Amino acid sequence: MPSRGGRWLCVEALDRWERGRGFAEEIVHGLQAEYRPDPADRAFLMELFYGVLRNLSRLDHWIGGFRKGPLDPRTRQCLRIGLQQIFHLRVPDHAAVNETVAVAGRARGLVNAVLRAATRERDRLLAEMQVAPLALRTSHPEFLVSRWVDRIGEGPAATLCAWNNEPAPVYVRANGLRVTPGELAASLPDAEPVAFHPAALRVRHLPPSWIVGGLCYVQDPSTLLACELLDPEPGETVLDACAAPGGKTSYLAERMRNRGRIHACDVSPPRLDTLAANLDRLGVQNTRTTAHDWLGQTPPPFEPASFDRILLDAPCSNTGVMRRRVDVRWRLSPGDFKRMHGLQVRMAHSVAALLRPGGVLVYSTCSLEMEENEASAKRIARENPELQLETTRSCSPLADGVDGAFAARFVRKP
């Protein structure tokens with residue numbers, strides 16, 4: 001398959017993203033595998049694609065101001081990438097216009113006219129955007145911004161939206177099975193310790209040798225909150241109910257010093273393959289992987305009361321990680337929070353019977369929403385009277401400078 005330029009690939013990625021339900025990361029990886037772009041085009045594709053998704057409603061608002069009436073999807077994608085370059089990237093106007101027109105096909109004339117008009121009216125459009133409603137100004141769904149404004153106020157909501165639109169830094173967890181955080185940091189001058197967790201480092205450039213050698217795992221420090229609350233001991237038997245791709249599993253194995261047994265489950269066999277490869281690279285030796293759907297009709301392949309500790313990192317709306325999962329905001333609808341709440345409670349019911357008396361269950365999400373966090377924890381305790389809710393912990397971008405996460409610790413009564 002011949003290589004394609006970054007702009008053509010971005011139009012294709014946006015078209016696939018809008019026509020399907022796949023997430024941005026999956027689409028980009030699929031395109032890269034299919035067309036094998038050179039490093040410069042790959043980097044430009046990533047910057048342009050994720051930039052368009054961050055600014056989607058703002059770009060569409062500008063398009064609507066220049067072009068009334070319907071547009072075919074591919075022409076809209078060309079206009080989006082052109083406007084993204086003009087307003088949000090350091091691309092010279094002539095290059096942004098001419099190179100975008102070159103991939104516009106039969107819509108060249110329209111794309112050329114709109115983009116040239118946008119360059120002439122740049123100052124007016126930017127000034128108008130400064131006083132636009134918060135949802136449009138920060139390119140978030142109106143229903144989501146309204147929720148946040150009602151709960152935390154307009155100022156904090158605006159700060160949260162701005163956080164979501166920043167490119168996420170690269171954080172790694174030093175793999176304690178192979179190296180200490182201090183040893184890892186000493187090998188890279190620009191590595192910075194992260195106050196939120198002693199094993200976390202922020203890096204500007206990730207050395208490939210760190211990944212290949214299993215010295216670290218790329219993950220936001222917030223993901224370690226639930227593992228700390230679970231606090232597994234060496235020699236115990238632990239269930240990681242929704243384990244792939246393996247960041248939490250490998251940290252549990254590290255805390256257990258590779259002793260005892262972890263059963264790592266996921267509903268997706270391909271994701272379990274990724275999990276197994278990650279665990280092997282990181283030197284994890286005490287873990288077995290199992291495919292299981294906790295919401296299905298098939299009984300779990302484990303005996304009741306067979307686990308000392310269970311981690312249920314439940315599927316959620318991902319509102320705490322929108323800086324990393326840029327397109328999540330456009331995949332959500334107002335009813336999703338209630339729907340996810342129901343699924344999360346059902347999954348907790350499924351795993352609760354596997355916990356031995358005196359054992360610990362930690363329920364966690366990467367959501368900021370009450371329905372999926374405090375409300376789910378209270379309902380789990382209410383509908384499973386054998387579980388005692390001991391404590392909850394959370395972190396958020398506004399309070400902690402890391403992604404959002406929630407964890408609730410339950411103990412099964414004797």
# chains A, B, ... in the order shown; residues from 1 in each chain; ligands from 1
>>> residues_around(residues="Asn384 (chain A)", least_positions_apart="2", cutoff="12 Å", atoms="only C-alpha atoms", output="list in words")
Val345, Arg346, Ala348, His349, Ser350, Val351, Ala352, Ala353, Leu355, Leu361, Ser376, Ala377, Lys378, Arg379, Ile380, Ala381, Arg382, Glu386, Leu387, Gln388, Leu389, Phe410, Val411, Arg412 and Lys413 of chain A
>>> residues_around(residues="region 203-208 of chain A", least_positions_apart="6", cutoff="7 Å", atoms="only C-alpha atoms", output="PyMOL selection string")
chain A and resi 170-171+190-192
>>> closest_residue(among="A:Pro193, A:Gly64, A:Gly51, A:Gly6", to="Leu89 (chain A)", atoms="only C-alpha atoms")
A:Gly51
>>> atom_distance(atom1="CA of Arg120 (chain A)", atom2="CA of Asp72 (chain A)")
24.6 Å
>>> select_by_dssp(residues="region 246-356 of chain A", states="strand (DSSP E or B)", output="VMD selection string")
chain A and resid 261 to 266 287 to 291 307 to 313 355 to 356
>>> residues_around(residues="Leu225 (chain A)", least_positions_apart="2", cutoff="8 Å", atoms="only C-alpha atoms", output="PyMOL selection string")
chain A and resi 221-223+227-229+393-394+405-407
>>> select_by_dssp(residues="region 1-240 of chain A", states="alpha helix (DSSP H)", output="PyMOL selection string")
chain A and resi 6-19+24-35+39-54+56-66+73-88+93-101+108-120+122-130+134-137+142-152+154-164+181-186+208-212+225-230
>>> residues_around(residues="Glu128 (chain A)", least_positions_apart="3", cutoff="12 Å", atoms="only C-alpha atoms", output="CSV table (one decimal) with all heavy atoms, in the first residue's frame")
chain,number,residue,atom,x,y,z
A,58,ARG,N,-16.2,24.0,17.5
A,58,ARG,CA,-15.8,25.4,17.1
A,58,ARG,C,-15.5,25.4,15.6
A,58,ARG,O,-15.9,26.4,14.9
A,58,ARG,CB,-14.5,25.7,17.9
A,58,ARG,CG,-13.8,27.0,17.5
A,58,ARG,CD,-12.4,27.0,17.9
A,58,ARG,NE,-12.2,26.9,19.3
A,58,ARG,CZ,-11.5,27.8,20.1
A,58,ARG,NH1,-11.1,28.9,19.5
A,58,ARG,NH2,-11.4,27.6,21.4
A,61,HIS,N,-18.8,25.4,13.7
A,61,HIS,CA,-19.4,26.7,13.9
A,61,HIS,C,-18.9,27.6,12.8
A,61,HIS,O,-19.7,28.3,12.1
A,61,HIS,CB,-19.2,27.2,15.2
A,61,HIS,CG,-19.8,28.6,15.4
A,61,HIS,ND1,-21.1,28.9,15.6
A,61,HIS,CD2,-19.1,29.8,15.4
A,61,HIS,CE1,-21.3,30.2,15.7
A,61,HIS,NE2,-20.1,30.8,15.6
A,62,TRP,N,-17.6,27.6,12.6
A,62,TRP,CA,-17.0,28.5,11.6
A,62,TRP,C,-17.4,28.1,10.2
A,62,TRP,O,-17.7,28.9,9.3
A,62,TRP,CB,-15.5,28.5,11.7
A,62,TRP,CG,-15.0,29.4,12.9
A,62,TRP,CD1,-15.6,30.5,13.4
A,62,TRP,CD2,-13.8,29.2,13.7
A,62,TRP,NE1,-14.9,31.0,14.5
A,62,TRP,CE2,-13.8,30.2,14.6
A,62,TRP,CE3,-12.8,28.2,13.6
A,62,TRP,CZ2,-12.7,30.3,15.5
A,62,TRP,CZ3,-11.8,28.4,14.5
A,62,TRP,CH2,-11.7,29.4,15.5
A,65,GLY,N,-20.8,29.3,9.3
A,65,GLY,CA,-20.8,30.7,9.0
A,65,GLY,C,-20.4,31.0,7.6
A,65,GLY,O,-20.8,32.1,7.0
A,121,GLU,N,-10.6,36.7,7.5
A,121,GLU,CA,-11.5,37.1,8.7
A,121,GLU,C,-11.0,36.5,10.0
A,121,GLU,O,-11.8,36.5,10.9
A,121,GLU,CB,-12.9,36.7,8.4
A,121,GLU,CG,-13.5,37.4,7.1
A,121,GLU,CD,-15.0,37.1,6.9
A,121,GLU,OE1,-15.7,37.2,7.9
A,121,GLU,OE2,-15.4,36.9,5.8
A,122,ARG,N,-9.8,36.1,10.1
A,122,ARG,CA,-9.3,35.4,11.3
A,122,ARG,C,-9.5,36.3,12.5
A,122,ARG,O,-10.0,35.8,13.5
A,122,ARG,CB,-7.8,35.2,11.1
A,122,ARG,CG,-7.2,34.5,12.3
A,122,ARG,CD,-5.7,34.4,12.3
A,122,ARG,NE,-5.2,33.4,11.3
A,122,ARG,CZ,-4.6,33.7,10.2
A,122,ARG,NH1,-4.5,34.9,9.7
A,122,ARG,NH2,-4.2,32.7,9.4
A,123,ASP,N,-9.2,37.5,12.5
A,123,ASP,CA,-9.3,38.3,13.7
A,123,ASP,C,-10.7,38.4,14.2
A,123,ASP,O,-11.0,38.3,15.4
A,123,ASP,CB,-8.7,39.7,13.5
A,123,ASP,CG,-7.2,39.7,13.3
A,123,ASP,OD1,-6.6,38.7,13.7
A,123,ASP,OD2,-6.6,40.7,12.8
A,124,ARG,N,-11.6,38.6,13.3
A,124,ARG,CA,-13.1,38.8,13.7
A,124,ARG,C,-13.6,37.4,14.2
A,124,ARG,O,-14.2,37.4,15.3
A,124,ARG,CB,-13.9,39.1,12.4
A,124,ARG,CG,-15.4,39.2,12.7
A,124,ARG,CD,-16.2,39.5,11.5
A,124,ARG,NE,-16.2,38.4,10.5
A,124,ARG,CZ,-16.9,37.3,10.6
A,124,ARG,NH1,-17.8,37.1,11.6
A,124,ARG,NH2,-16.8,36.4,9.6
A,125,LEU,N,-13.2,36.3,13.6
A,125,LEU,CA,-13.7,35.1,14.1
A,125,LEU,C,-13.2,34.7,15.5
A,125,LEU,O,-13.9,34.2,16.3
A,125,LEU,CB,-13.3,34.0,13.1
A,125,LEU,CG,-14.0,34.1,11.7
A,125,LEU,CD1,-13.4,33.1,10.8
A,125,LEU,CD2,-15.5,33.9,11.8
A,131,VAL,N,-16.1,35.5,23.2
A,131,VAL,CA,-17.3,35.8,24.0
A,131,VAL,C,-18.4,34.8,23.7
A,131,VAL,O,-19.6,35.0,24.1
A,131,VAL,CB,-17.8,37.3,23.7
A,131,VAL,CG1,-16.8,38.3,24.2
A,131,VAL,CG2,-18.1,37.5,22.2
A,132,ALA,N,-18.1,33.7,23.1
A,132,ALA,CA,-19.1,32.7,22.8
A,132,ALA,C,-19.4,31.9,24.0
A,132,ALA,O,-18.7,31.9,25.0
A,132,ALA,CB,-18.6,31.7,21.7
A,133,PRO,N,-20.6,31.2,24.1
A,133,PRO,CA,-20.9,30.4,25.2
A,133,PRO,C,-19.8,29.4,25.5
A,133,PRO,O,-19.0,29.0,24.6
A,133,PRO,CB,-22.2,29.7,24.8
A,133,PRO,CG,-22.8,30.6,23.8
A,133,PRO,CD,-21.6,31.2,23.1
A,136,LEU,N,-19.3,26.2,23.3
A,136,LEU,CA,-18.8,26.4,22.0
A,136,LEU,C,-17.3,26.9,22.1
A,136,LEU,O,-16.5,26.4,21.3
A,136,LEU,CB,-19.6,27.4,21.3
A,136,LEU,CG,-19.1,27.9,19.9
A,136,LEU,CD1,-19.0,26.7,19.0
A,136,LEU,CD2,-20.1,29.0,19.3
A,137,ARG,N,-17.1,27.8,23.0
A,137,ARG,CA,-15.7,28.3,23.1
A,137,ARG,C,-14.7,27.3,23.4
A,137,ARG,O,-13.5,27.3,22.9
A,137,ARG,CB,-15.7,29.4,24.3
A,137,ARG,CG,-14.5,30.2,24.4
A,137,ARG,CD,-14.7,31.4,25.3
A,137,ARG,NE,-14.7,31.0,26.7
A,137,ARG,CZ,-15.7,31.1,27.5
A,137,ARG,NH1,-16.9,31.6,27.0
A,137,ARG,NH2,-15.7,30.8,28.8
>>> residues_around(residues="Tyr50 (chain A)", least_positions_apart="3", cutoff="10 Å", atoms="only C-alpha atoms", output="PyMOL selection string")
chain A and resi 10+14+24-25+28+45-47+53-56+165+167+324-327
>>> write_last_selection(atoms="C-alpha atoms", output="PDB file, in the first residue's frame")
ATOM      1  CA  CYS A  10      -6.431  12.840   8.549  1.00  0.00           C
ATOM      2  CA  LEU A  14     -12.104  11.697  10.448  1.00  0.00           C
ATOM      3  CA  ALA A  24      -9.864   7.740  17.748  1.00  0.00           C
ATOM      4  CA  GLU A  25      -6.879   5.744  18.959  1.00  0.00           C
ATOM      5  CA  VAL A  28      -5.312   6.038  13.916  1.00  0.00           C
ATOM      6  CA  LEU A  45      -1.624  13.011  11.235  1.00  0.00           C
ATOM      7  CA  MET A  46      -1.668  12.666  15.023  1.00  0.00           C
ATOM      8  CA  GLU A  47      -1.388  16.399  15.657  1.00  0.00           C
ATOM      9  CA  LEU A  53     -11.423  16.431  17.580  1.00  0.00           C
ATOM     10  CA  ARG A  54     -10.530  18.842  20.389  1.00  0.00           C
ATOM     11  CA  ASN A  55     -11.965  21.782  18.440  1.00  0.00           C
ATOM     12  CA  LEU A  56     -14.758  20.019  16.556  1.00  0.00           C
ATOM     13  CA  ASN A 165      -8.086  20.583  25.472  1.00  0.00           C
ATOM     14  CA  PRO A 167      -2.205  17.750  24.936  1.00  0.00           C
ATOM     15  CA  ARG A 324      -6.151  11.635  26.788  1.00  0.00           C
ATOM     16  CA  ARG A 325      -9.272  10.225  25.133  1.00  0.00           C
ATOM     17  CA  VAL A 326      -9.984  13.297  23.083  1.00  0.00           C
ATOM     18  CA  ASP A 327     -13.074  12.036  21.264  1.00  0.00           C
TER      19      ASP A 327
END
>>> closest_residue(among="A:Thr287, A:Pro245, A:Ala226, A:Met256", to="Leu275 (chain A)", atoms="only C-alpha atoms")
A:Pro245
>>> residues_around(residues="Ser333 (chain A)", least_positions_apart="3", cutoff="10 Å", atoms="only C-alpha atoms", output="list in words")
Pro141, Phe143, Leu144, Ser317, Arg329, Trp330, Asp336 and Phe337 of chain A
